[in-house]
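*Asks:* Quick one: structure below, then a few questions.
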Amino acid sequence: MRPLVLRQSLSLDGYAAAPAGVRDDFFFEYDEDEEFVAHMATVLGSAGVHAMGARTYRDMAGYWPFQEGPEADAMNSIPKVVFSRSPIDTPWETTTVCSGDLATEVARLKAQDGGPILAHGGVRFAQALVRADLVDEYHLLVGPFAHGGGSPLFTRLTRLKLIDVRSFPKGNLALTYSRPDPTPR
């Protein structure tokens, strides 16, 4: 069974989306940080499938097919699954639409062969995955800024186990968490 890994950007104060009217600049000096770019290429390339909600899909489909480099290669060549209850155009090659119950569709994807399901959060899609307890591993990318408000990823107490921390020269952090070990009975 392959895991679902949520790749989510956060501000230092824990918001996954900026307040209305504030620009989401989650990768402070991203392109100037070669180590961070290399890390992201590795994360993106490790996926067996990229999963996302409709809004994130539209944004990414308008960007990645026109880019070059290791990150673009991973985003463009690896199959995509977009979760949408409404009809959606899928101009990006290797895209499948899942329109059924989120938990049922994720269980079907997890049962397939292949590498991890790398979910790219728009905040509503990411929150839905967290609420339904579908995430096996969290790749949280924390930028060196605070929004002071916005939409959080977590909306209730969620216990996690830290498995890796990486810091990068421009102040970005990559934190990897898994579900905690089950409590012995």
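Going by the structure tokens order, chains are called A, B, ..., each with residues numbered from 1, while ligands are numbered from 1 in the order shown.
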Could you pull out the strand (DSSP E) residues of segment 2-184 of chain A, going by DSSP on the backbone, and write them as a count of residues only?
*Replies:* 48
*Asks:* With only C-alpha atoms counted and 10 Å as the cut-off, give the residues of segment 112-175 of chain A in contact with segment 78-98 of chain A, each with its shortest interatomic distance in Å and the pair that gives it, as a tab-separated table.
*Replies:*
residue	atom	partner	partner_atom	distance
A:Ile117	CA	A:Val81	CA	9.3
A:Leu118	CA	A:Lys80	CA	9.5
A:Ala119	CA	A:Val81	CA	9.2
A:Phe125	CA	A:Phe83	CA	8.4
*Asks:* Can those selected residues be exported to a file as a PDB file, in the first residue's frame so that it contains C-alpha atoms?
*Replies:*
ATOM      1  CA  ILE A 117       0.895   9.835  -3.685  1.00  0.00           C
ATOM      2  CA  LEU A 118       2.252  13.377  -3.331  1.00  0.00           C
ATOM      3  CA  ALA A 119      -0.658  15.676  -2.505  1.00  0.00           C
ATOM      4  CA  PHE A 125      -7.984  20.252  -0.272  1.00  0.00           C
TER       5      PHE A 125
END
*Asks:* Taking only C-alpha atoms into account, name the residue in A:Pro180, A:Gly122, A:Pro169, A:Pro3 that is nearest to Ser151 of chain A.
*Replies:*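 Closest candidate: A:Gly122.
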*Asks:* Work out how far atom CA of Phe36 of chain A is from atom CA of Ala128 of chain A, in Å to one decimal.
*Replies:* 27.4 Å
*Asks:* Neighbours of Asp133 of chain A within 10 Å (only C-alpha atoms; same-chain residues fewer than 5 positions away dropped), as a PyMOL selection string?
*Replies:* chain A and resi 103+127-128+158+179
*Asks:* Just C-alpha atoms for this one: save the residues we selected as an mmCIF file, in the first residue's frame.
*Replies:*
data_model
loop_
_atom_site.group_PDB
_atom_site.id
_atom_site.type_symbol
_atom_site.label_atom_id
_atom_site.label_comp_id
_atom_site.auth_asym_id
_atom_site.auth_seq_id
_atom_site.Cartn_x
_atom_site.Cartn_y
_atom_site.Cartn_z
ATOM 1 C CA ALA A 103 -11.700 8.803 1.295
ATOM 2 C CA GLN A 127 -7.625 20.458 5.217
ATOM 3 C CA ALA A 128 -10.012 17.856 3.778
ATOM 4 C CA THR A 158 -3.223 16.550 15.426
ATOM 5 C CA ARG A 179 1.732 9.654 12.152
#
*Asks:* Fewer than 3 positions away in the same chain doesn't count, so skip those; otherwise give me all residues within 9 Å of Arg2 of chain A, counting only C-alpha atoms, as a list in words.
*Replies:* Gly48, Leu109, Lys110, Ala111, Gln112, Asp113, Gly114, Gly115, Pro116 and Ile117 of chain A
*Asks:* Name the closest residue to Gly53 of chain A among the candidates A:Gly121, A:Gly100, A:Pro19, A:Gly14; distances are taken between atoms, counting only C-alpha atoms.
*Replies:* A:Gly121
*Asks:* Return the single residue from A:Ala74, A:Val130, A:Leu173, A:Val37 that is closest to Val49 of chain A, with distances computed using only C-alpha atoms.
*Replies:* A:Ala74
*Asks:* When DSSP is applied to the backbone of this structure, which of chain A are assigned alpha helix (DSSP H)? Write them out as JSON, numbers by chain.
*Replies:* {"A": [34, 35, 36, 37, 38, 39, 40, 41, 42, 43, 44, 45, 54, 55, 56, 57, 58, 59, 60, 61, 70, 71, 72, 73, 74, 75, 76, 77, 102, 103, 104, 105, 106, 107, 108, 109, 110, 111, 123, 124, 125, 126, 127, 128, 129, 130, 131]}
*Asks:* Taking 4 positions as the minimum chain separation for residues in the same chain, which residues sit within 10 Å of Pro65 of chain A when counting only C-alpha atoms? Answer as a list of chain:residue names.
*Replies:* A:Met60, A:Ala61, A:Ala72, A:Asp73, A:Met75, A:Asn76, A:Ser77, A:Pro91, A:Trp92, A:Glu93
*Asks:* Find the spatial neighbours of His147 of chain A, counting only C-alpha atoms, within a cut-off of 8 Å - ignore same-chain residues fewer than 5 positions away - and output them as a list in words.
*Replies:*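 Non-adjacent residues within range: Ser11, Leu12, Asp13, Tyr15, Ala18 and Pro19 of chain A.
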*Asks:* When you look at Leu175 of chain A with a cut-off of 9 Å (counting only C-alpha atoms), what residues show up, excluding the ones that are within fewer than 2 positions of it in the same chain? I need them as a PDB file with N, CA and C atoms, in the first residue's frame.
*Replies:*
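out29.pdb, freshly written:
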ATOM      1  N   TYR A 138       3.672  14.104   6.345  1.00  0.00           N
ATOM      2  CA  TYR A 138       3.549  15.531   6.059  1.00  0.00           C
ATOM      3  C   TYR A 138       4.914  16.080   5.694  1.00  0.00           C
ATOM      4  N   HIS A 139       5.032  16.708   4.530  1.00  0.00           N
ATOM      5  CA  HIS A 139       6.224  17.464   4.149  1.00  0.00           C
ATOM      6  C   HIS A 139       5.829  18.931   4.237  1.00  0.00           C
ATOM      7  N   LEU A 140       6.164  19.549   5.349  1.00  0.00           N
ATOM      8  CA  LEU A 140       5.781  20.933   5.598  1.00  0.00           C
ATOM      9  C   LEU A 140       6.947  21.840   5.254  1.00  0.00           C
ATOM     10  N   LEU A 141       6.710  22.781   4.367  1.00  0.00           N
ATOM     11  CA  LEU A 141       7.731  23.724   3.926  1.00  0.00           C
ATOM     12  C   LEU A 141       7.414  25.067   4.564  1.00  0.00           C
ATOM     13  N   VAL A 142       8.252  25.483   5.499  1.00  0.00           N
ATOM     14  CA  VAL A 142       7.997  26.688   6.281  1.00  0.00           C
ATOM     15  C   VAL A 142       8.893  27.810   5.774  1.00  0.00           C
ATOM     16  N   LEU A 162       8.020  13.844  14.422  1.00  0.00           N
ATOM     17  CA  LEU A 162       9.044  14.467  13.578  1.00  0.00           C
ATOM     18  C   LEU A 162      10.025  13.404  13.108  1.00  0.00           C
ATOM     19  N   ILE A 163      10.248  13.324  11.783  1.00  0.00           N
ATOM     20  CA  ILE A 163      11.215  12.347  11.272  1.00  0.00           C
ATOM     21  C   ILE A 163      12.382  12.987  10.529  1.00  0.00           C
ATOM     22  N   ASP A 164      12.261  14.278  10.134  1.00  0.00           N
ATOM     23  CA  ASP A 164      13.384  14.927   9.461  1.00  0.00           C
ATOM     24  C   ASP A 164      13.206  16.441   9.494  1.00  0.00           C
ATOM     25  N   VAL A 165      14.332  17.143   9.598  1.00  0.00           N
ATOM     26  CA  VAL A 165      14.363  18.603   9.546  1.00  0.00           C
ATOM     27  C   VAL A 165      15.508  19.009   8.636  1.00  0.00           C
ATOM     28  N   ARG A 166      15.219  19.917   7.722  1.00  0.00           N
ATOM     29  CA  ARG A 166      16.269  20.483   6.867  1.00  0.00           C
ATOM     30  C   ARG A 166      16.090  21.984   6.850  1.00  0.00           C
ATOM     31  N   SER A 167      17.199  22.698   6.983  1.00  0.00           N
ATOM     32  CA  SER A 167      17.143  24.155   6.852  1.00  0.00           C
ATOM     33  C   SER A 167      17.942  24.551   5.616  1.00  0.00           C
ATOM     34  N   LEU A 173      12.539  26.152   5.698  1.00  0.00           N
ATOM     35  CA  LEU A 173      12.677  24.897   6.436  1.00  0.00           C
ATOM     36  C   LEU A 173      11.835  23.824   5.761  1.00  0.00           C
ATOM     37  N   TYR A 177       7.035  14.963   8.911  1.00  0.00           N
ATOM     38  CA  TYR A 177       6.369  14.313  10.043  1.00  0.00           C
ATOM     39  C   TYR A 177       5.612  13.089   9.544  1.00  0.00           C
TER      40      TYR A 177
END
